[in-house]
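Peer 1: So I've got this file, structure-v8.cif, and it contains mmCIF, C-alpha atoms:
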```cif
data_protein
loop_
_atom_site.label_atom_id
_atom_site.label_comp_id
_atom_site.auth_asym_id
_atom_site.auth_seq_id
_atom_site.Cartn_x
_atom_site.Cartn_y
_atom_site.Cartn_z
CA MET O 6 14.35 -9.11 -17.30
CA GLU O 7 13.22 -6.00 -19.20
CA LEU O 8 10.24 -7.84 -20.63
CA PHE O 9 9.16 -9.02 -17.18
CA PHE O 10 9.56 -5.54 -15.72
CA PHE O 11 7.31 -3.94 -18.33
CA LEU O 12 4.79 -6.77 -18.08
CA PHE O 13 4.48 -6.45 -14.29
CA ALA O 14 4.45 -2.64 -14.47
CA THR O 15 1.59 -2.63 -17.00
CA VAL O 16 -0.45 -5.17 -15.06
CA ALA O 17 0.15 -3.31 -11.76
CA ILE O 18 -0.94 0.06 -13.14
CA ILE O 19 -4.05 -1.35 -14.86
CA ALA O 20 -5.01 -3.20 -11.67
CA ALA O 21 -4.42 -0.05 -9.59
CA LEU O 22 -6.78 1.86 -11.88
CA GLY O 23 -9.25 -0.98 -11.37
CA VAL O 24 -9.05 -0.52 -7.58
CA VAL O 25 -9.98 3.14 -7.86
CA LEU O 26 -12.51 3.00 -10.68
CA SER O 27 -14.58 -0.15 -10.16
CA LYS O 28 -18.08 0.16 -8.74
CA ASN O 29 -18.13 -3.08 -6.77
CA VAL O 30 -15.97 -3.25 -3.62
CA VAL O 31 -15.15 -6.92 -4.16
CA HIS O 32 -13.81 -6.13 -7.65
CA SER O 33 -11.61 -3.40 -6.12
CA LEU O 34 -10.33 -5.91 -3.59
CA LEU O 35 -9.45 -8.48 -6.26
CA SER O 36 -7.67 -5.80 -8.32
CA LEU O 37 -5.66 -4.88 -5.23
CA LEU O 38 -4.72 -8.57 -4.90
CA VAL O 39 -3.30 -8.43 -8.45
CA VAL O 40 -1.30 -5.31 -7.47
CA PHE O 41 0.11 -7.15 -4.44
CA PHE O 42 1.24 -10.09 -6.58
CA CYS O 43 2.89 -7.69 -9.07
CA MET O 44 4.70 -6.05 -6.15
CA ALA O 45 5.96 -9.45 -5.00
CA SER O 46 7.22 -10.08 -8.55
CA PHE O 47 9.03 -6.73 -8.50
CA PHE O 48 10.63 -7.67 -5.18
CA ILE O 49 11.88 -10.94 -6.73
CA LEU O 50 13.29 -9.00 -9.72
CA LEU O 51 15.09 -6.75 -7.21
CA HIS O 52 16.58 -9.76 -5.34
CA ALA O 53 14.48 -9.21 -2.19
CA GLU O 54 13.05 -12.72 -1.95
CA PHE O 55 12.22 -12.57 1.77
CA LEU O 56 10.09 -9.46 1.28
CA ALA O 57 8.31 -11.10 -1.66
CA ALA O 58 7.30 -13.99 0.61
CA ILE O 59 6.24 -11.56 3.36
CA GLN O 60 4.23 -9.55 0.84
CA ILE O 61 2.27 -12.62 -0.24
CA ILE O 62 1.75 -13.95 3.30
CA VAL O 63 0.87 -10.72 5.11
CA TYR O 64 -0.78 -8.59 2.42
CA ALA O 65 -2.40 -11.16 0.14
CA GLY O 66 -3.04 -13.60 2.98
CA ALA O 67 -3.93 -11.66 6.11
CA ILE O 68 -4.95 -8.11 5.16
CA MET O 69 -7.06 -9.21 2.18
CA VAL O 70 -9.00 -11.68 4.34
CA LEU O 71 -9.57 -8.92 6.91
CA PHE O 72 -11.03 -6.66 4.20
CA LEU O 73 -13.19 -9.48 2.84
CA PHE O 74 -14.63 -10.23 6.29
CA THR O 75 -15.45 -6.54 6.76
CA ILE O 76 -17.24 -6.46 3.40
CA PHE O 77 -19.28 -9.51 4.45
CA LEU O 78 -20.14 -7.84 7.79
CA VAL O 79 -21.03 -4.44 6.37
CA ASN O 80 -22.95 -5.74 3.32
CA VAL O 81 -23.60 -2.44 1.61
CA ARG O 82 -24.96 -2.63 -1.92
CA THR O 83 -22.31 -0.28 -3.19
CA ASN O 84 -23.01 -0.74 -6.90
CA ARG O 85 -26.51 0.67 -6.40
CA VAL O 86 -25.05 3.94 -5.10
CA LYS O 87 -25.57 6.55 -7.79
CA ARG O 88 -22.59 8.78 -7.09
CA GLN O 89 -19.34 6.88 -6.49
CA PHE O 90 -17.04 9.92 -6.38
CA HIS O 91 -17.01 13.18 -4.47
CA ARG O 92 -18.01 16.29 -6.38
CA GLN O 93 -14.54 17.84 -6.13
CA TRP O 94 -12.90 15.09 -8.19
CA PRO O 95 -11.64 17.39 -11.02
CA LEU O 96 -9.66 19.41 -8.46
CA VAL O 97 -8.13 16.23 -7.01
CA LEU O 98 -7.24 15.02 -10.51
CA MET O 99 -5.54 18.32 -11.27
CA PHE O 100 -3.44 18.38 -8.11
CA SER O 101 -2.56 14.68 -8.36
CA SER O 102 -1.33 15.05 -11.93
CA PHE O 103 0.73 18.02 -10.75
CA LEU O 104 2.21 15.79 -8.00
CA LEU O 105 3.02 13.09 -10.55
CA LEU O 106 4.70 15.60 -12.89
CA GLU O 107 6.72 16.89 -9.97
CA ILE O 108 7.96 13.39 -9.08
CA PHE O 109 8.77 12.72 -12.76
CA PHE O 110 10.82 15.91 -12.89
CA VAL O 111 12.78 15.08 -9.73
CA VAL O 112 13.44 11.49 -10.84
CA SER O 113 14.63 12.63 -14.28
CA LYS O 114 17.09 15.08 -12.68
CA MET O 115 18.31 12.56 -10.12
CA THR O 116 21.72 10.90 -10.42
CA LEU O 117 23.15 8.25 -8.12
CA SER O 118 26.81 9.11 -7.60
CA SER O 119 27.88 5.97 -5.77
CA THR O 120 26.52 3.07 -3.78
CA ILE O 121 26.51 3.40 0.00
CA GLY O 122 26.59 -0.25 1.08
CA ASP O 123 28.65 -3.27 0.16
CA PHE O 124 25.83 -5.80 -0.31
CA THR O 125 26.11 -6.45 -4.03
CA PRO O 126 23.63 -8.95 -5.54
CA ASP O 127 26.36 -11.58 -5.72
CA ARG O 128 27.16 -11.20 -2.05
CA ILE O 129 23.48 -11.20 -1.08
CA SER O 130 22.90 -14.47 -2.94
CA GLU O 131 26.04 -15.89 -1.31
CA ILE O 132 24.97 -15.07 2.27
CA GLY O 133 21.23 -15.25 1.75
CA ASN O 134 18.68 -12.42 1.68
CA THR O 135 16.75 -13.69 4.71
CA THR O 136 19.93 -13.95 6.80
CA LEU O 137 20.93 -10.40 5.95
CA VAL O 138 17.50 -8.89 6.68
CA GLY O 139 17.23 -10.88 9.91
CA SER O 140 20.65 -9.87 11.19
CA ALA O 141 19.99 -6.20 10.38
CA LEU O 142 16.58 -6.43 12.09
CA PHE O 143 17.92 -7.93 15.32
CA THR O 144 21.10 -5.88 15.67
CA ARG O 145 20.93 -2.41 14.19
CA PHE O 146 17.14 -2.05 14.17
CA VAL O 147 16.29 -3.88 17.39
CA TYR O 148 14.63 -0.84 19.06
CA PRO O 149 12.36 -0.07 16.08
CA PHE O 150 11.53 -3.79 16.04
CA GLU O 151 10.41 -3.70 19.68
CA LEU O 152 8.50 -0.48 18.96
CA ALA O 153 6.68 -2.22 16.11
CA SER O 154 5.52 -4.92 18.52
CA LEU O 155 4.21 -2.21 20.88
CA ILE O 156 2.32 -0.59 17.98
CA LEU O 157 0.78 -3.95 17.08
CA LEU O 158 -0.37 -4.37 20.70
CA ALA O 159 -1.86 -0.86 20.69
CA THR O 160 -3.73 -1.43 17.41
CA MET O 161 -5.04 -4.75 18.71
CA ILE O 162 -6.45 -3.11 21.85
CA GLY O 163 -7.76 -0.20 19.79
CA ALA O 164 -9.59 -2.42 17.31
CA ILE O 165 -11.18 -4.48 20.10
CA VAL O 166 -12.33 -1.35 21.98
CA LEU O 167 -13.68 0.22 18.77
CA ILE O 168 -16.02 -2.63 17.87
CA LYS O 169 -17.18 -3.48 21.38
CA LYS O 170 -20.97 -3.68 21.53
CA GLU O 171 -21.44 -1.43 24.58
CA ASN O 172 -20.03 1.58 22.79
CA TRP O 173 -23.11 2.09 20.68
CA MET U 10 17.27 -1.15 -22.69
CA VAL U 11 18.57 -1.53 -19.15
CA ILE U 12 16.09 -1.20 -16.31
CA ASN U 13 17.54 1.21 -13.75
CA LEU U 14 16.39 2.93 -10.58
CA SER U 15 14.28 5.61 -12.29
CA HIS U 16 11.99 3.03 -13.92
CA TYR U 17 11.12 1.49 -10.56
CA LEU U 18 10.69 4.93 -8.98
CA LEU U 19 8.32 5.97 -11.76
CA VAL U 20 6.16 2.86 -11.32
CA GLY U 21 6.09 3.54 -7.57
CA ALA U 22 5.14 7.18 -8.18
CA ILE U 23 2.32 6.21 -10.55
CA LEU U 24 0.91 3.73 -8.03
CA PHE U 25 1.18 6.34 -5.26
CA THR U 26 -0.65 8.94 -7.36
CA ILE U 27 -3.45 6.52 -8.31
CA GLY U 28 -3.79 5.72 -4.60
CA THR U 29 -3.98 9.42 -3.75
CA ILE U 30 -6.71 9.99 -6.32
CA GLY U 31 -8.67 7.04 -4.95
CA ALA U 32 -8.31 8.11 -1.32
CA LEU U 33 -9.44 11.68 -2.06
CA THR U 34 -12.28 11.08 -4.51
CA ARG U 35 -14.08 7.87 -3.56
CA ARG U 36 -17.07 8.06 -1.21
CA ASN U 37 -16.87 4.45 -0.01
CA ALA U 38 -14.75 4.17 3.16
CA ILE U 39 -13.50 0.64 2.35
CA ILE U 40 -12.16 1.79 -1.03
CA ILE U 41 -10.43 4.72 0.71
CA LEU U 42 -8.59 2.19 2.91
CA LEU U 43 -7.72 0.09 -0.16
CA SER U 44 -6.30 3.19 -1.86
CA ILE U 45 -4.13 3.89 1.20
CA GLU U 46 -2.75 0.34 0.92
CA LEU U 47 -2.00 1.12 -2.74
CA MET U 48 -0.05 4.23 -1.74
CA LEU U 49 1.95 2.23 0.83
CA ASN U 50 2.80 -0.33 -1.86
CA GLY U 51 4.12 2.39 -4.17
CA VAL U 52 6.40 3.62 -1.40
CA ASN U 53 7.52 0.05 -0.61
CA LEU U 54 8.57 -0.42 -4.23
CA SER U 55 10.70 2.74 -4.06
CA PHE U 56 12.31 1.53 -0.81
CA VAL U 57 13.25 -1.86 -2.26
CA ALA U 58 14.51 -0.31 -5.52
CA PHE U 59 16.77 2.08 -3.61
CA SER U 60 17.94 -0.83 -1.43
CA HIS U 61 18.88 -2.85 -4.50
CA PHE U 62 20.57 -0.08 -6.48
CA LEU U 63 22.48 1.34 -3.48
CA ASN U 64 23.64 -2.14 -2.39
CA ASP U 65 22.29 -1.52 1.09
CA ILE U 66 19.92 -3.73 3.10
CA THR U 67 18.29 -0.96 5.21
CA GLY U 68 15.49 -0.25 2.73
CA GLN U 69 14.25 -3.81 2.99
CA VAL U 70 14.13 -3.61 6.80
CA PHE U 71 12.05 -0.44 6.48
CA VAL U 72 9.63 -2.18 4.12
CA LEU U 73 9.15 -4.81 6.82
CA PHE U 74 8.16 -2.06 9.28
CA VAL U 75 5.84 -0.46 6.72
CA ILE U 76 4.06 -3.80 6.21
CA THR U 77 3.66 -4.14 10.01
CA ILE U 78 2.15 -0.67 10.32
CA ALA U 79 -0.09 -1.30 7.30
CA ALA U 80 -1.52 -4.39 9.00
CA GLY U 81 -2.27 -2.42 12.16
CA GLU U 82 -3.73 0.45 10.19
CA ALA U 83 -6.03 -1.90 8.27
CA ALA U 84 -7.27 -3.48 11.52
CA VAL U 85 -8.05 -0.13 13.19
CA GLY U 86 -9.51 1.37 10.00
CA LEU U 87 -11.84 -1.56 9.46
CA GLY U 88 -12.88 -1.35 13.13
CA ILE U 89 -13.78 2.30 12.56
CA ILE U 90 -15.75 1.35 9.42
CA ILE U 91 -17.74 -1.29 11.33
CA SER U 92 -18.64 1.13 14.11
CA MET U 93 -19.57 3.75 11.45
CA TYR U 94 -21.88 1.21 9.85
CA ARG U 95 -23.50 0.39 13.21
CA LYS U 96 -24.07 4.09 13.86
CA GLY U 97 -25.44 5.18 10.52
CA THR U 98 -25.94 2.04 8.35
CA THR U 99 -23.87 3.57 5.57
CA ILE U 100 -20.15 3.78 4.87
CA ASN U 101 -20.22 6.77 2.54
CA VAL U 102 -17.83 9.16 4.23
CA ASP U 103 -19.69 12.35 3.28
CA LYS U 104 -22.76 11.20 5.25
CA PHE U 105 -20.86 11.58 8.52
CA ASN U 106 -20.73 15.00 10.15
CA LEU U 107 -20.59 14.08 13.84
CA LEU U 108 -17.86 16.61 14.54
CA LYS U 109 -19.64 19.46 12.76
CA GLY U 110 -20.44 22.20 15.24
#
```
With the file now loaded, output its structure as structure tokens.
Peer 2:
Amino acid sequence: MELFFFLFATVAIIAALGVVLSKNVVHSLLSLLVVFFCMASFFILLHAEFLAAIQIIVYAGAIMVLFLFTIFLVNVRTNRVKRQFHRQWPLVLMFSSFLLLEIFFVVSKMTLSSTIGDFTPDRISEIGNTTLVGSALFTRFVYPFELASLILLATMIGAIVLIKKENW
Amino acid sequence: MVINLSHYLLVGAILFTIGTIGALTRRNAIIILLSIELMLNGVNLSFVAFSHFLNDITGQVFVLFVITIAAGEAAVGLGIIISMYRKGTTINVDKFNLLKG
């Protein structure tokens, strides 16, 4: 378990750096795909198998294809661009490292006194992860679930209106 | 060495910070959107780690909602990028100053 955690963590961080640093957009996209697969592996290590499947299907399947189609449509020769970064990047680096140090500090001071639920890993594997997530989604979180469908409808209309030809 | 909650939170924090750096420093609009997806993934990892170590299922339900919103956000963001490209034939974000008075 420990070995797999450190393996996936190393691969995820290297791939994340690849997303930010690579010159070619397609290389960034493929690095992000590696990050998504590492996330799915983390979810499996954390006994969230349903979310691992959703991660692969929605992120690696749907969102990646959407990005790829946009890159085909836009067709900008990004690796010929001389300056890939904004000029204020040292400032951003400084503040981001400060943010990271802050999170490290908080996490090192944090202690979990007790668990709040009663879904231990044994019980989850007995009932089934998908059953538990589904029953929580359709009972306790049914209004947020309906709201999510409304947001999907709104984004669909918004995306269609944005790329309509008559606008430009 | 036992892997506990802090290890997962640190990996999530590192991914979130790398995403922040990418979203704030890159000029290419598509890579800015990719960096935002990276930040959302770091947060998702924290949610699932808390859900596992607190023995509570709520975090996983929230990750499901985050994935839904991320899909919508990617669709609208890519629509904006395509209309930007039609308007100015570039997707470098510092070339756009339409709102500048």
Peer 1: Given the file shown, enumerate the residues that the PyMOL selection byres ((chain U and resi 37) around 7) captures and present them as a list in words.
Peer 2: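 Selection result, ordered by chain and number: Arg35, Arg36, Ala38, Ile39, Ile40, Ile41, Ile100, Asn101 and Val102 of chain U.
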Peer 1: Please provide the set of residues having any atom within 10 Å of range 92-100 of chain O, restricted to only C-alpha atoms, with same-chain residues fewer than 3 positions apart removed, written as a ChimeraX atom specification.
Peer 2: /O:88-89,103-106 /U:26-27,29-36
Peer 1: As an exercise, work out the distance from CA of Tyr17 in chain U to CA of Ala58 in chain U in Å and give it to one decimal place.
Peer 2: 6.3 Å
Peer 1: Might you spell out which residues the PyMOL selection byres ((chain O and resi 44) around 8) would select in the displayed file, as a PyMOL selection string?
Peer 2: (chain O and resi 17+40-43+45-48+57+60) or (chain U and resi 50+54)
Peer 1: For each of U:Leu49, U:Leu19, U:Ile66, U:Leu14, take the minimum atom-to-atom distance to Asp123 in chain O, counting only C-alpha atoms, then give the residue where this is smallest.
Peer 2: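 Ranking U:Leu49, U:Leu19, U:Ile66, U:Leu14 by distance to Asp123 in chain O, first place goes to U:Ile66.
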Peer 1: So how many Å separate CA of Thr99 in chain U and CA of Val79 in chain O, to one decimal?
Peer 2: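 Between CA of Thr99 in chain U and CA of Val79 in chain O the gap is 8.5 Å.
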Peer 1: Residue by residue, what does the PyMOL selection byres ((chain U and resi 59) around 10) grab here? Present the result as a ChimeraX atom specification.
Peer 2: /O:51,117,120 /U:14-15,17-18,53-58,60-69
Peer 1: Convert the current residue selection to file output with C-alpha atoms, as an mmCIF file, in the coordinates of the input.
Peer 2:
```
data_model
loop_
_atom_site.group_PDB
_atom_site.id
_atom_site.type_symbol
_atom_site.label_atom_id
_atom_site.label_comp_id
_atom_site.auth_asym_id
_atom_site.auth_seq_id
_atom_site.Cartn_x
_atom_site.Cartn_y
_atom_site.Cartn_z
ATOM 1 C CA LEU O 51 15.090 -6.750 -7.210
ATOM 2 C CA LEU O 117 23.150 8.250 -8.120
ATOM 3 C CA THR O 120 26.520 3.070 -3.780
ATOM 4 C CA LEU U 14 16.390 2.930 -10.580
ATOM 5 C CA SER U 15 14.280 5.610 -12.290
ATOM 6 C CA TYR U 17 11.120 1.490 -10.560
ATOM 7 C CA LEU U 18 10.690 4.930 -8.980
ATOM 8 C CA ASN U 53 7.520 0.050 -0.610
ATOM 9 C CA LEU U 54 8.570 -0.420 -4.230
ATOM 10 C CA SER U 55 10.700 2.740 -4.060
ATOM 11 C CA PHE U 56 12.310 1.530 -0.810
ATOM 12 C CA VAL U 57 13.250 -1.860 -2.260
ATOM 13 C CA ALA U 58 14.510 -0.310 -5.520
ATOM 14 C CA SER U 60 17.940 -0.830 -1.430
ATOM 15 C CA HIS U 61 18.880 -2.850 -4.500
ATOM 16 C CA PHE U 62 20.570 -0.080 -6.480
ATOM 17 C CA LEU U 63 22.480 1.340 -3.480
ATOM 18 C CA ASN U 64 23.640 -2.140 -2.390
ATOM 19 C CA ASP U 65 22.290 -1.520 1.090
ATOM 20 C CA ILE U 66 19.920 -3.730 3.100
ATOM 21 C CA THR U 67 18.290 -0.960 5.210
ATOM 22 C CA GLY U 68 15.490 -0.250 2.730
ATOM 23 C CA GLN U 69 14.250 -3.810 2.990
#
```
Peer 1: Give me, as a PyMOL selection string, all polymer residues having an atom no more than 7 Å from Leu34 in chain O, counting all atoms listed in the file and skipping those fewer than 4 positions away in the same chain.
Peer 2: chain O and resi 24+30+38
Peer 1: Have a look at O:Leu50, O:Val147, O:Val138, O:Leu8 and name the one nearest to chain U; count only C-alpha atoms.
Peer 2: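 For chain U, the nearest of the given residues is O:Val138.
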Peer 1: Give the answer as one residue: which of O:Ile121, O:Leu12, O:Ala20, O:Ile162 has the shortest atom-to-atom distance to chain U, using all atoms listed in the file?
Peer 2: O:Ile121
Peer 1: Mind listing as an NGL selection string all residues within 10 Å of (-10.9, 0.7, 9.2), counting all atoms listed in the file?
Peer 2: (:O and (71-72 or 75 or 164 or 167)) or (:U and (38-39 or 41-43 or 81-93))
Peer 1: For CA of Leu155 in chain O and CA of Ala80 in chain U, quote the distance in Å rounded to one decimal.
Peer 2: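 Going from CA of Leu155 in chain O over to CA of Ala80 in chain U, I get 13.4 Å.
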Peer 1: Which residues are near Ile76 in chain U? Cut-off 8 Å, only C-alpha atoms, ignore same chain within fewer than 2 positions. Put them as number ranges by chain.
Peer 2: O: 60, 63-64; U: 72-74, 78-80
Peer 1: So, counting only C-alpha atoms, which residue among O:Met69, O:Val111, O:Ile19, O:Ile168 is closest to chain U?
Peer 2: O:Ile168
Peer 1: How would range 90-102 of chain U of the given structure read as a file with N, CA, C and O atoms, as a short mmCIF file (atom, residue, chain, number, x, y, z; two decimals), in the first residue's frame?
Peer 2:
```cif
data_model
loop_
_atom_site.label_atom_id
_atom_site.label_comp_id
_atom_site.auth_asym_id
_atom_site.auth_seq_id
_atom_site.Cartn_x
_atom_site.Cartn_y
_atom_site.Cartn_z
N ILE U 90 -13.27 30.08 -25.37
CA ILE U 90 -12.00 30.07 -26.10
C ILE U 90 -12.25 30.08 -27.61
O ILE U 90 -11.58 30.80 -28.36
N ILE U 91 -13.26 29.32 -28.06
CA ILE U 91 -13.52 29.28 -29.50
C ILE U 91 -14.01 30.64 -29.99
O ILE U 91 -13.60 31.12 -31.06
N SER U 92 -14.87 31.30 -29.20
CA SER U 92 -15.32 32.62 -29.69
C SER U 92 -14.19 33.66 -29.60
O SER U 92 -14.12 34.56 -30.43
N MET U 93 -13.27 33.49 -28.61
CA MET U 93 -12.08 34.36 -28.57
C MET U 93 -11.24 34.18 -29.82
O MET U 93 -10.76 35.14 -30.42
N TYR U 94 -11.08 32.92 -30.24
CA TYR U 94 -10.25 32.63 -31.41
C TYR U 94 -10.88 33.19 -32.68
O TYR U 94 -10.19 33.71 -33.56
N ARG U 95 -12.24 33.13 -32.76
CA ARG U 95 -12.92 33.70 -33.93
C ARG U 95 -12.74 35.21 -33.97
O ARG U 95 -12.61 35.81 -35.02
N LYS U 96 -12.72 35.84 -32.78
CA LYS U 96 -12.63 37.29 -32.72
C LYS U 96 -11.22 37.78 -33.04
O LYS U 96 -11.04 38.72 -33.80
N GLY U 97 -10.21 37.13 -32.44
CA GLY U 97 -8.89 37.69 -32.58
C GLY U 97 -7.83 36.77 -33.13
O GLY U 97 -6.67 37.14 -33.18
N THR U 98 -8.20 35.54 -33.54
CA THR U 98 -7.29 34.52 -34.06
C THR U 98 -6.07 34.28 -33.18
O THR U 98 -4.99 33.98 -33.65
N THR U 99 -6.23 34.46 -31.89
CA THR U 99 -5.19 34.05 -30.95
C THR U 99 -5.90 33.64 -29.67
O THR U 99 -7.04 34.03 -29.44
N ILE U 100 -5.23 32.81 -28.86
CA ILE U 100 -5.83 32.46 -27.56
C ILE U 100 -4.88 32.83 -26.43
O ILE U 100 -4.98 32.30 -25.34
N ASN U 101 -3.95 33.76 -26.70
CA ASN U 101 -3.12 34.27 -25.62
C ASN U 101 -3.92 35.30 -24.84
O ASN U 101 -4.37 36.30 -25.42
N VAL U 102 -4.10 35.07 -23.54
CA VAL U 102 -5.08 35.87 -22.81
C VAL U 102 -4.65 37.32 -22.67
O VAL U 102 -5.50 38.19 -22.49
#
```
